[in-house]
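The data block below is input_30.tsv; it holds TSV, C-alpha atoms.
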```
chain	number	residue	atom	x	y	z
A	1193	MET	CA	128.34	147.19	-28.75
A	1194	GLU	CA	127.60	148.58	-25.28
A	1195	TRP	CA	124.34	150.46	-24.81
A	1196	THR	CA	123.48	152.48	-21.72
A	1197	PHE	CA	120.31	154.41	-20.99
A	1198	ARG	CA	119.56	157.12	-18.46
A	1199	ALA	CA	116.23	157.39	-16.69
A	1200	ASP	CA	115.57	161.09	-17.28
A	1201	ALA	CA	115.40	161.28	-21.09
A	1202	PRO	CA	113.37	159.55	-23.81
A	1203	LEU	CA	114.86	156.27	-24.99
A	1204	TYR	CA	114.68	157.16	-28.69
A	1205	THR	CA	116.78	160.33	-28.31
A	1206	GLN	CA	119.39	158.38	-26.35
A	1207	LEU	CA	119.34	155.69	-29.00
A	1208	CYS	CA	119.79	158.40	-31.66
A	1209	GLU	CA	122.88	159.70	-29.88
A	1210	GLN	CA	124.37	156.25	-29.48
A	1211	LEU	CA	123.64	155.21	-33.06
A	1212	THR	CA	125.12	158.47	-34.34
A	1213	PHE	CA	128.18	157.84	-32.19
A	1214	ALA	CA	128.45	154.32	-33.60
A	1215	VAL	CA	128.25	155.66	-37.16
A	1216	VAL	CA	130.78	158.50	-36.84
A	1217	SER	CA	133.21	156.38	-34.82
A	1218	GLY	CA	133.14	153.66	-37.47
A	1219	VAL	CA	131.36	150.88	-35.55
A	1220	PHE	CA	129.09	150.98	-38.58
A	1221	ALA	CA	131.37	152.10	-41.43
A	1222	ALA	CA	130.53	154.57	-44.21
A	1223	GLY	CA	128.45	152.90	-46.90
A	1224	GLU	CA	127.96	149.78	-44.75
A	1225	ARG	CA	124.61	148.09	-44.30
A	1226	LEU	CA	123.09	148.41	-40.82
A	1227	PRO	CA	121.76	145.41	-38.91
A	1228	ALA	CA	118.01	144.88	-39.14
A	1229	VAL	CA	115.76	146.81	-36.75
A	1230	ARG	CA	114.86	143.70	-34.74
A	1231	GLU	CA	118.53	142.73	-34.46
A	1232	LEU	CA	119.49	146.18	-33.14
A	1233	ALA	CA	116.54	146.11	-30.74
A	1234	VAL	CA	117.57	142.76	-29.28
A	1235	ASP	CA	121.21	143.89	-29.01
A	1236	ALA	CA	120.31	147.13	-27.24
A	1237	GLY	CA	117.51	145.49	-25.23
A	1238	VAL	CA	114.94	148.04	-26.38
A	1239	ASN	CA	111.66	148.04	-28.25
A	1240	PRO	CA	111.86	147.66	-32.06
A	1241	ASN	CA	109.54	150.67	-32.49
A	1242	THR	CA	112.06	152.78	-30.53
A	1243	VAL	CA	114.84	151.65	-32.87
A	1244	GLN	CA	112.64	152.42	-35.86
A	1245	ARG	CA	111.95	155.90	-34.54
A	1246	ALA	CA	115.65	156.59	-33.82
A	1247	LEU	CA	116.72	155.38	-37.26
A	1248	GLY	CA	114.01	157.59	-38.76
A	1249	GLU	CA	115.67	160.57	-37.07
A	1250	LEU	CA	119.09	159.57	-38.40
A	1251	GLU	CA	117.58	159.22	-41.84
A	1252	ARG	CA	116.06	162.70	-41.66
A	1253	GLY	CA	119.54	163.99	-40.77
A	1254	GLY	CA	120.97	162.22	-43.83
A	1255	LEU	CA	123.29	159.94	-41.84
A	1256	VAL	CA	121.60	156.76	-43.03
A	1257	TYR	CA	119.36	155.98	-45.98
A	1258	THR	CA	117.00	153.18	-46.93
A	1259	LEU	CA	117.06	151.14	-50.10
A	1260	ARG	CA	113.57	149.79	-50.36
A	1261	THR	CA	114.44	146.12	-50.69
A	1262	ALA	CA	118.05	145.94	-49.50
A	1263	GLY	CA	117.75	147.59	-46.07
A	1264	ARG	CA	119.35	150.57	-44.35
A	1265	PHE	CA	122.84	151.85	-45.07
A	1266	VAL	CA	125.25	154.35	-43.56
A	1267	THR	CA	125.79	157.31	-45.88
A	1268	ALA	CA	129.01	157.34	-47.90
A	1269	ASP	CA	128.97	161.16	-47.88
A	1270	LYS	CA	132.20	162.10	-46.04
A	1271	ALA	CA	131.14	165.72	-45.46
A	1272	ARG	CA	127.88	164.59	-43.85
A	1273	LEU	CA	129.72	162.18	-41.53
A	1274	GLU	CA	132.29	164.84	-40.65
A	1275	ALA	CA	129.54	167.31	-39.79
A	1276	ALA	CA	127.87	164.75	-37.49
A	1277	ARG	CA	131.20	163.94	-35.86
A	1278	ARG	CA	131.82	167.64	-35.27
A	1279	ALA	CA	128.34	168.17	-33.82
A	1280	LEU	CA	128.82	165.31	-31.34
A	1281	ALA	CA	132.28	166.57	-30.36
A	1282	GLU	CA	130.91	170.08	-29.81
A	1283	ALA	CA	128.09	168.76	-27.66
A	1284	ARG	CA	130.55	166.78	-25.52
A	1285	ALA	CA	132.85	169.80	-25.23
A	1286	GLY	CA	129.89	171.87	-24.10
A	1287	GLU	CA	129.02	169.30	-21.44
A	1288	PHE	CA	132.65	169.35	-20.25
A	1289	LEU	CA	132.66	173.14	-19.98
A	1290	ARG	CA	129.39	173.20	-18.05
A	1291	VAL	CA	130.78	170.75	-15.50
A	1292	MET	CA	133.99	172.75	-15.23
A	1293	GLU	CA	131.98	175.91	-14.63
A	1294	LYS	CA	130.13	174.24	-11.78
A	1295	LEU	CA	133.51	173.29	-10.32
A	1296	GLY	CA	134.57	176.95	-10.50
A	1297	TYR	CA	136.83	176.79	-13.58
A	1298	ASP	CA	136.46	179.51	-16.20
A	1299	ARG	CA	137.12	178.85	-19.90
A	1300	ALA	CA	140.83	179.73	-19.69
A	1301	GLN	CA	141.38	177.55	-16.62
A	1302	ALA	CA	139.53	174.65	-18.24
A	1303	ALA	CA	141.63	175.03	-21.39
A	1304	ALA	CA	144.80	175.18	-19.30
A	1305	LEU	CA	143.76	171.98	-17.58
A	1306	LEU	CA	143.50	170.24	-20.95
A	1307	GLU	CA	146.91	171.62	-21.98
A	1308	GLU	CA	148.52	170.27	-18.80
A	1309	ARG	CA	147.18	166.84	-19.58
A	1310	GLU	CA	148.88	166.85	-22.98
A	1311	GLY	CA	150.92	163.69	-23.30
A	1312	ASP	CA	148.77	161.88	-20.76
A	1313	GLU	CA	147.03	158.74	-21.85
A	1314	ALA	CA	143.49	159.59	-22.75
A	1315	THR	CA	141.33	158.12	-20.03
B	1055	MET	CA	96.44	149.77	-36.78
B	1056	SER	CA	93.69	147.64	-35.27
B	1057	THR	CA	92.64	147.21	-31.67
B	1058	ILE	CA	93.60	143.79	-30.38
B	1059	LEU	CA	92.38	144.10	-26.78
B	1060	GLU	CA	89.54	146.25	-25.56
B	1061	CYS	CA	87.93	146.56	-22.12
B	1062	ARG	CA	84.77	148.57	-21.49
B	1063	ALA	CA	83.62	149.19	-17.92
B	1064	LEU	CA	85.11	145.78	-17.14
B	1065	GLN	CA	84.32	144.47	-13.66
B	1066	LYS	CA	85.28	141.34	-11.80
B	1067	ARG	CA	84.18	140.50	-8.29
B	1068	TYR	CA	85.29	137.55	-6.18
B	1069	GLY	CA	82.62	137.12	-3.50
B	1070	THR	CA	82.57	140.51	-1.83
B	1071	LYS	CA	85.96	141.62	-3.14
B	1072	ASP	CA	86.14	143.82	-6.25
B	1073	ALA	CA	89.22	142.86	-8.25
B	1074	LEU	CA	88.42	145.07	-11.26
B	1075	ARG	CA	86.21	148.15	-10.88
B	1076	GLY	CA	85.43	149.38	-14.36
B	1077	VAL	CA	88.55	148.99	-16.48
B	1078	GLU	CA	88.64	151.08	-19.69
B	1079	LEU	CA	91.50	150.05	-21.95
B	1080	ALA	CA	92.26	149.73	-25.66
B	1081	LEU	CA	95.52	148.22	-26.94
B	1082	GLU	CA	96.64	148.52	-30.55
B	1083	SER	CA	98.41	145.82	-32.51
B	1084	GLY	CA	102.19	145.93	-32.86
B	1085	ARG	CA	103.05	147.13	-29.36
B	1086	ILE	CA	104.82	145.86	-26.28
B	1087	VAL	CA	102.81	147.05	-23.30
B	1088	GLY	CA	103.61	146.87	-19.58
B	1089	LEU	CA	100.70	146.07	-17.28
B	1090	LEU	CA	102.06	147.60	-14.13
B	1091	GLY	CA	100.69	147.70	-10.63
B	1092	PRO	CA	101.39	146.54	-7.09
B	1093	ASN	CA	100.32	143.12	-5.85
B	1094	GLY	CA	96.53	142.85	-5.71
B	1095	SER	CA	95.89	145.64	-8.22
B	1096	GLY	CA	94.13	143.27	-10.66
B	1097	LYS	CA	96.84	142.43	-13.21
B	1098	THR	CA	96.36	138.65	-13.15
B	1099	THR	CA	92.56	138.99	-13.11
B	1100	LEU	CA	92.66	141.17	-16.23
B	1101	ILE	CA	94.92	138.70	-18.05
B	1102	LYS	CA	92.77	135.72	-17.05
B	1103	LEU	CA	89.65	137.50	-18.32
B	1104	ALA	CA	91.39	138.13	-21.66
B	1105	CYS	CA	92.26	134.42	-21.83
B	1106	GLY	CA	88.70	133.39	-21.11
B	1107	LEU	CA	89.76	131.64	-17.90
B	1108	LEU	CA	87.42	133.91	-15.93
B	1109	THR	CA	84.16	135.56	-16.93
B	1110	PRO	CA	83.42	139.23	-16.24
B	1111	THR	CA	81.01	140.26	-13.49
B	1112	GLY	CA	80.12	143.32	-15.55
B	1113	GLY	CA	81.20	145.22	-18.64
B	1114	GLU	CA	82.94	143.72	-21.61
B	1115	ILE	CA	86.30	142.44	-22.77
B	1116	LEU	CA	87.05	141.93	-26.47
B	1117	VAL	CA	90.04	140.16	-27.99
B	1118	ASP	CA	90.49	140.90	-31.70
B	1119	GLY	CA	86.93	142.26	-31.66
B	1120	ARG	CA	85.34	139.19	-30.07
B	1121	GLN	CA	84.43	137.96	-26.62
B	1122	PRO	CA	86.90	135.35	-25.33
B	1123	SER	CA	86.07	132.03	-26.99
B	1124	ARG	CA	87.67	129.17	-28.90
B	1125	GLU	CA	88.40	131.57	-31.76
B	1126	THR	CA	90.19	134.09	-29.56
B	1127	LYS	CA	92.15	131.36	-27.75
B	1128	ALA	CA	93.61	130.42	-31.14
B	1129	VAL	CA	95.21	133.87	-31.42
B	1130	VAL	CA	96.20	134.40	-27.77
B	1131	SER	CA	99.40	132.95	-26.30
B	1132	TYR	CA	99.32	132.96	-22.52
B	1133	LEU	CA	102.17	132.58	-20.04
B	1134	PRO	CA	100.68	131.86	-16.61
B	1135	GLU	CA	102.27	133.12	-13.44
B	1136	ARG	CA	103.02	129.57	-12.32
B	1137	ILE	CA	104.09	126.68	-14.53
B	1138	ALA	CA	101.00	125.04	-15.97
B	1139	LEU	CA	102.59	122.01	-17.63
B	1140	PRO	CA	102.42	118.58	-15.97
B	1141	LEU	CA	105.73	117.86	-14.23
B	1142	TRP	CA	106.00	114.35	-15.70
B	1143	MET	CA	106.24	115.72	-19.25
B	1144	THR	CA	109.57	115.93	-21.02
B	1145	ALA	CA	110.48	119.01	-23.05
B	1146	LYS	CA	109.72	117.01	-26.19
B	1147	GLN	CA	106.29	115.95	-24.90
B	1148	ALA	CA	105.55	119.56	-23.98
B	1149	MET	CA	106.32	120.56	-27.59
B	1150	ASP	CA	104.07	117.74	-28.89
B	1151	TYR	CA	101.33	119.03	-26.61
B	1152	TYR	CA	101.65	122.59	-27.90
B	1153	GLN	CA	101.76	121.35	-31.48
B	1154	ASP	CA	98.52	119.38	-30.96
B	1155	PHE	CA	96.70	122.32	-29.42
B	1156	TYR	CA	97.92	125.27	-31.47
B	1157	ALA	CA	97.99	125.51	-35.26
B	1158	ASP	CA	100.33	128.52	-35.03
B	1159	PHE	CA	103.04	126.66	-33.04
B	1160	ARG	CA	106.42	127.01	-34.78
B	1161	ARG	CA	108.09	123.83	-33.63
B	1162	TYR	CA	111.36	124.56	-35.41
B	1163	ALA	CA	111.65	127.83	-33.46
B	1164	ALA	CA	111.09	126.05	-30.13
B	1165	GLU	CA	113.56	123.29	-30.99
B	1166	GLU	CA	116.20	125.81	-32.01
B	1167	MET	CA	115.83	127.74	-28.76
B	1168	LEU	CA	115.97	124.58	-26.64
B	1169	GLU	CA	119.10	123.51	-28.49
B	1170	LYS	CA	120.75	126.90	-27.90
B	1171	LEU	CA	119.97	126.53	-24.21
B	1172	GLY	CA	121.57	123.08	-24.26
B	1173	LEU	CA	118.37	121.61	-22.89
B	1174	ASP	CA	117.91	117.87	-23.35
B	1175	GLU	CA	114.51	117.17	-24.94
B	1176	LYS	CA	114.20	113.98	-22.92
B	1177	GLN	CA	114.53	115.70	-19.56
B	1178	THR	CA	111.32	115.86	-17.53
B	1179	ILE	CA	110.06	119.21	-16.27
B	1180	ARG	CA	110.23	117.79	-12.74
B	1181	ALA	CA	114.00	117.45	-13.11
B	1182	MET	CA	114.48	121.03	-14.31
B	1183	SER	CA	115.53	123.95	-12.12
B	1184	LYS	CA	113.06	126.79	-11.55
B	1185	GLY	CA	114.91	128.99	-14.04
B	1186	THR	CA	114.91	126.30	-16.71
B	1187	ARG	CA	111.20	125.64	-16.23
B	1188	GLU	CA	110.49	129.34	-16.69
B	1189	LYS	CA	112.61	129.41	-19.85
B	1190	LEU	CA	110.94	126.30	-21.30
B	1191	GLN	CA	107.48	127.66	-20.70
B	1192	LEU	CA	108.40	131.03	-22.22
B	1193	ILE	CA	109.95	129.32	-25.26
B	1194	LEU	CA	106.71	127.41	-25.85
B	1195	VAL	CA	104.59	130.53	-25.47
B	1196	MET	CA	106.80	132.69	-27.73
B	1197	SER	CA	107.05	129.95	-30.38
B	1198	ARG	CA	103.44	130.54	-31.25
B	1199	GLY	CA	102.65	133.01	-34.03
B	1200	ALA	CA	99.92	134.66	-31.96
B	1201	LYS	CA	98.27	138.07	-32.32
B	1202	LEU	CA	98.29	138.71	-28.59
B	1203	TYR	CA	100.82	137.45	-26.06
B	1204	LEU	CA	99.74	137.70	-22.42
B	1205	LEU	CA	102.73	137.22	-20.14
B	1206	ASP	CA	101.90	137.16	-16.43
B	1207	GLU	CA	105.01	138.01	-14.41
B	1208	PRO	CA	107.52	136.50	-16.84
B	1209	ILE	CA	110.50	137.88	-14.91
B	1210	GLY	CA	109.28	137.38	-11.34
B	1211	GLY	CA	111.85	135.70	-9.13
B	1212	VAL	CA	114.52	134.95	-11.73
B	1213	ASP	CA	118.21	135.94	-11.66
B	1214	PRO	CA	119.45	138.87	-13.82
B	1215	ALA	CA	120.96	136.62	-16.52
B	1216	THR	CA	117.68	134.70	-16.86
B	1217	ARG	CA	115.78	137.99	-16.94
B	1218	ASP	CA	117.93	139.21	-19.86
B	1219	TYR	CA	117.42	135.88	-21.62
B	1220	ILE	CA	113.65	136.16	-21.18
B	1221	LEU	CA	113.46	139.74	-22.46
B	1222	LYS	CA	115.64	138.94	-25.48
B	1223	THR	CA	113.54	135.86	-26.22
B	1224	ILE	CA	110.40	138.02	-26.20
B	1225	LEU	CA	111.98	140.68	-28.44
B	1226	THR	CA	113.34	138.13	-30.89
B	1227	ASN	CA	110.22	136.03	-31.28
B	1228	TYR	CA	107.03	138.07	-31.15
B	1229	SER	CA	105.45	138.66	-34.54
B	1230	GLU	CA	105.82	142.23	-35.70
B	1231	ASP	CA	102.11	142.97	-35.90
B	1232	ALA	CA	101.32	141.24	-32.59
B	1233	THR	CA	100.91	142.89	-29.20
B	1234	VAL	CA	102.73	141.68	-26.11
B	1235	LEU	CA	101.24	142.48	-22.71
B	1236	ILE	CA	103.73	141.96	-19.88
B	1237	SER	CA	102.47	142.16	-16.31
B	1238	THR	CA	105.03	142.96	-13.64
B	1239	HIS	CA	105.86	145.14	-10.68
B	1240	LEU	CA	109.57	145.09	-11.60
B	1241	ILE	CA	109.32	148.15	-13.83
B	1242	ALA	CA	112.97	149.15	-14.11
B	1243	ASP	CA	113.72	145.70	-15.52
B	1244	VAL	CA	111.22	145.91	-18.40
B	1245	GLU	CA	110.89	149.64	-19.04
B	1246	GLN	CA	113.33	149.76	-22.00
B	1247	VAL	CA	111.46	147.14	-24.01
B	1248	LEU	CA	108.02	148.73	-23.56
B	1249	ASP	CA	106.17	151.00	-26.00
B	1250	GLU	CA	103.43	151.79	-23.53
B	1251	ALA	CA	102.80	151.59	-19.81
B	1252	VAL	CA	99.44	150.88	-18.18
B	1253	PHE	CA	99.16	151.50	-14.44
B	1254	LEU	CA	96.54	149.50	-12.58
B	1255	ARG	CA	95.51	150.65	-9.14
B	1256	GLU	CA	92.84	148.94	-7.06
B	1257	GLY	CA	91.16	147.54	-10.14
B	1258	ARG	CA	91.22	150.68	-12.28
B	1259	VAL	CA	93.48	152.00	-15.04
B	1260	VAL	CA	95.03	155.19	-13.68
B	1261	LEU	CA	97.55	155.79	-16.48
B	1262	HIS	CA	98.07	154.64	-20.06
B	1263	GLU	CA	100.91	156.42	-21.88
B	1264	ARG	CA	103.82	155.84	-24.19
B	1265	VAL	CA	107.03	155.29	-22.23
B	1266	ASP	CA	108.93	157.94	-24.20
B	1267	ASP	CA	106.09	160.44	-23.68
B	1268	VAL	CA	106.35	159.93	-19.92
B	1269	ARG	CA	110.10	160.48	-20.12
B	1270	GLU	CA	109.85	163.45	-22.48
B	1271	GLN	CA	107.02	165.29	-20.74
B	1272	ARG	CA	107.81	164.52	-17.13
B	1273	GLY	CA	111.59	164.16	-17.35
B	1274	LYS	CA	111.48	160.94	-15.38
B	1275	SER	CA	111.33	157.25	-16.03
B	1276	VAL	CA	108.17	155.16	-15.78
B	1277	ASP	CA	109.83	153.43	-12.82
B	1278	GLU	CA	110.12	156.75	-10.95
B	1279	LEU	CA	106.57	157.72	-11.88
B	1280	PHE	CA	105.36	154.35	-10.62
B	1281	ARG	CA	107.14	154.80	-7.27
B	1282	GLU	CA	105.51	158.21	-6.87
B	1283	THR	CA	102.06	157.02	-7.93
B	1284	PHE	CA	102.08	154.07	-5.57
B	1285	ALA	CA	103.99	155.61	-2.65
B	1286	TYR	CA	102.50	154.92	0.75
```
As structure tokens - that is how I would like this structure written.
Amino acid sequence: MEWTFRADAPLYTQLCEQLTFAVVSGVFAAGERLPAVRELAVDAGVNPNTVQRALGELERGGLVYTLRTAGRFVTADKARLEAARRALAEARAGEFLRVMEKLGYDRAQAAALLEEREGDEAT
Amino acid sequence: MSTILECRALQKRYGTKDALRGVELALESGRIVGLLGPNGSGKTTLIKLACGLLTPTGGEILVDGRQPSRETKAVVSYLPERIALPLWMTAKQAMDYYQDFYADFRRYAAEEMLEKLGLDEKQTIRAMSKGTREKLQLILVMSRGAKLYLLDEPIGGVDPATRDYILKTILTNYSEDATVLISTHLIADVEQVLDEAVFLREGRVVLHERVDDVREQRGKSVDELFRETFAY
């Protein structure tokens, strides 16, 4: 998968976001085993300790869990995955609204803009 | 966690020029650390002292708790700034050479990497391009199961594809409880793989922090912080 990192935020929080995105969008399916820490680190081009820290955060949030000998797995709990999906979507919607506000669009105008685009190809 | 490299009031003088002016530094095992500073800040001198290729003018440097010696050389894998293998050697002879010198050399790992690169074992180093030479030397260095890897400018003057190859080779091969010290002034290129950053300025350590702490507390990358610290 594609990984991108900004300069102004810690790497582990960005990795958390991207791993969460990968989990809720099905790149790593529910109940599936995750690649090993080193493998993820090499793929993302980041430090293994950073991956470890990010996965620790996901584990605390209940999105992934560790079986002591078998490795790390994505939760099979549908409600948990749905909640994470919703949280990501809300965060993105919030970002969108903040940008719109800077461009001078109020909530209603921003919503109208989305309505107008109905039927468009998502870009 | 144990300390793998420690410097106390470390000094090195060449004639009348002070290369290191009292370096205080302690690196833990299991980290990838960037040794960052402009040209002439003392990066290579520090690495050569840790290898036992130079002796301190003052102070002390300890590798795995001991002064550089035969014992420490057995646990330190060093990538010099310039290729240090005789040009007449073939890749296979270079592997033989490493195998003779180092008990921790994992020949199968080196052979596998050379094969993936499509590099002919019978080719001499003289006949290799600059990029291939750099890759071969890095493969040899990372095929050792060392406790401390000292990499002096591993990505200096290579193209972006080679740089990615080098960083992935480091990440894939270092032993989990080993520390990797990477010296460079190309910070943006290595920042993502680092746990910690050490800034050297005119022979002194002026910063030693975790990369994510720099980003979290200052809201900027180590690369930006470096540009500010060393701005003219």
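Residues of chain A having any atom within 9 Å of chain B, counting only C-alpha atoms, are Phe1197, Arg1198, Ala1199, Asp1200, Ala1201, Pro1202, Leu1203, Tyr1204, Arg1230, Glu1231, Ala1233, Val1234, Asp1235, Gly1237, Val1238, Asn1239, Pro1240, Asn1241 and Thr1242 of chain A.
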How would the residues just picked look written out with C-alpha atoms as a CSV table (one decimal), keeping the file's coordinate frame?
```csv
chain,number,residue,atom,x,y,z
A,1197,PHE,CA,120.3,154.4,-21.0
A,1198,ARG,CA,119.6,157.1,-18.5
A,1199,ALA,CA,116.2,157.4,-16.7
A,1200,ASP,CA,115.6,161.1,-17.3
A,1201,ALA,CA,115.4,161.3,-21.1
A,1202,PRO,CA,113.4,159.6,-23.8
A,1203,LEU,CA,114.9,156.3,-25.0
A,1204,TYR,CA,114.7,157.2,-28.7
A,1230,ARG,CA,114.9,143.7,-34.7
A,1231,GLU,CA,118.5,142.7,-34.5
A,1233,ALA,CA,116.5,146.1,-30.7
A,1234,VAL,CA,117.6,142.8,-29.3
A,1235,ASP,CA,121.2,143.9,-29.0
A,1237,GLY,CA,117.5,145.5,-25.2
A,1238,VAL,CA,114.9,148.0,-26.4
A,1239,ASN,CA,111.7,148.0,-28.2
A,1240,PRO,CA,111.9,147.7,-32.1
A,1241,ASN,CA,109.5,150.7,-32.5
A,1242,THR,CA,112.1,152.8,-30.5
```
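The shell of residues at most 12 Å from Tyr1162 of chain B, with all atoms listed in the file counted and near chain neighbours (fewer than 2 positions) removed, consists of Met1149, Asp1150, Gln1153, Asp1158, Phe1159, Arg1160, Ala1164, Glu1165, Glu1166, Met1167, Leu1168, Glu1169, Ile1193, Leu1194, Ser1197 and Arg1198 of chain B.
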In terms of all atoms listed in the file, the residue from A:Thr1212, A:Leu1226, A:Ala1236, A:Tyr1297 at minimal distance from Trp1195 of chain A is A:Ala1236
For this session: Compile the contact shell of Thr1196 of chain A as a list in words: residues with an atom at most 9 Å away, counting all atoms listed in the file, same-chain residues fewer than 4 positions apart removed.
Result: Gln1206, Leu1207, Gln1210 and Ala1236 of chain A
Print the selection's residues with C-alpha atoms to a file, as an mmCIF file, in the frame of the given file.
```cif
data_model
loop_
_atom_site.group_PDB
_atom_site.id
_atom_site.type_symbol
_atom_site.label_atom_id
_atom_site.label_comp_id
_atom_site.auth_asym_id
_atom_site.auth_seq_id
_atom_site.Cartn_x
_atom_site.Cartn_y
_atom_site.Cartn_z
ATOM 1 C CA GLN A 1206 119.390 158.380 -26.350
ATOM 2 C CA LEU A 1207 119.340 155.690 -29.000
ATOM 3 C CA GLN A 1210 124.370 156.250 -29.480
ATOM 4 C CA ALA A 1236 120.310 147.130 -27.240
#
```
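The residue set within 8 Å of Ile1137 of chain B, counting all atoms listed in the file and dropping same-chain residues fewer than 4 places from it, reads B:Arg1187, B:Glu1188, B:Gln1191.
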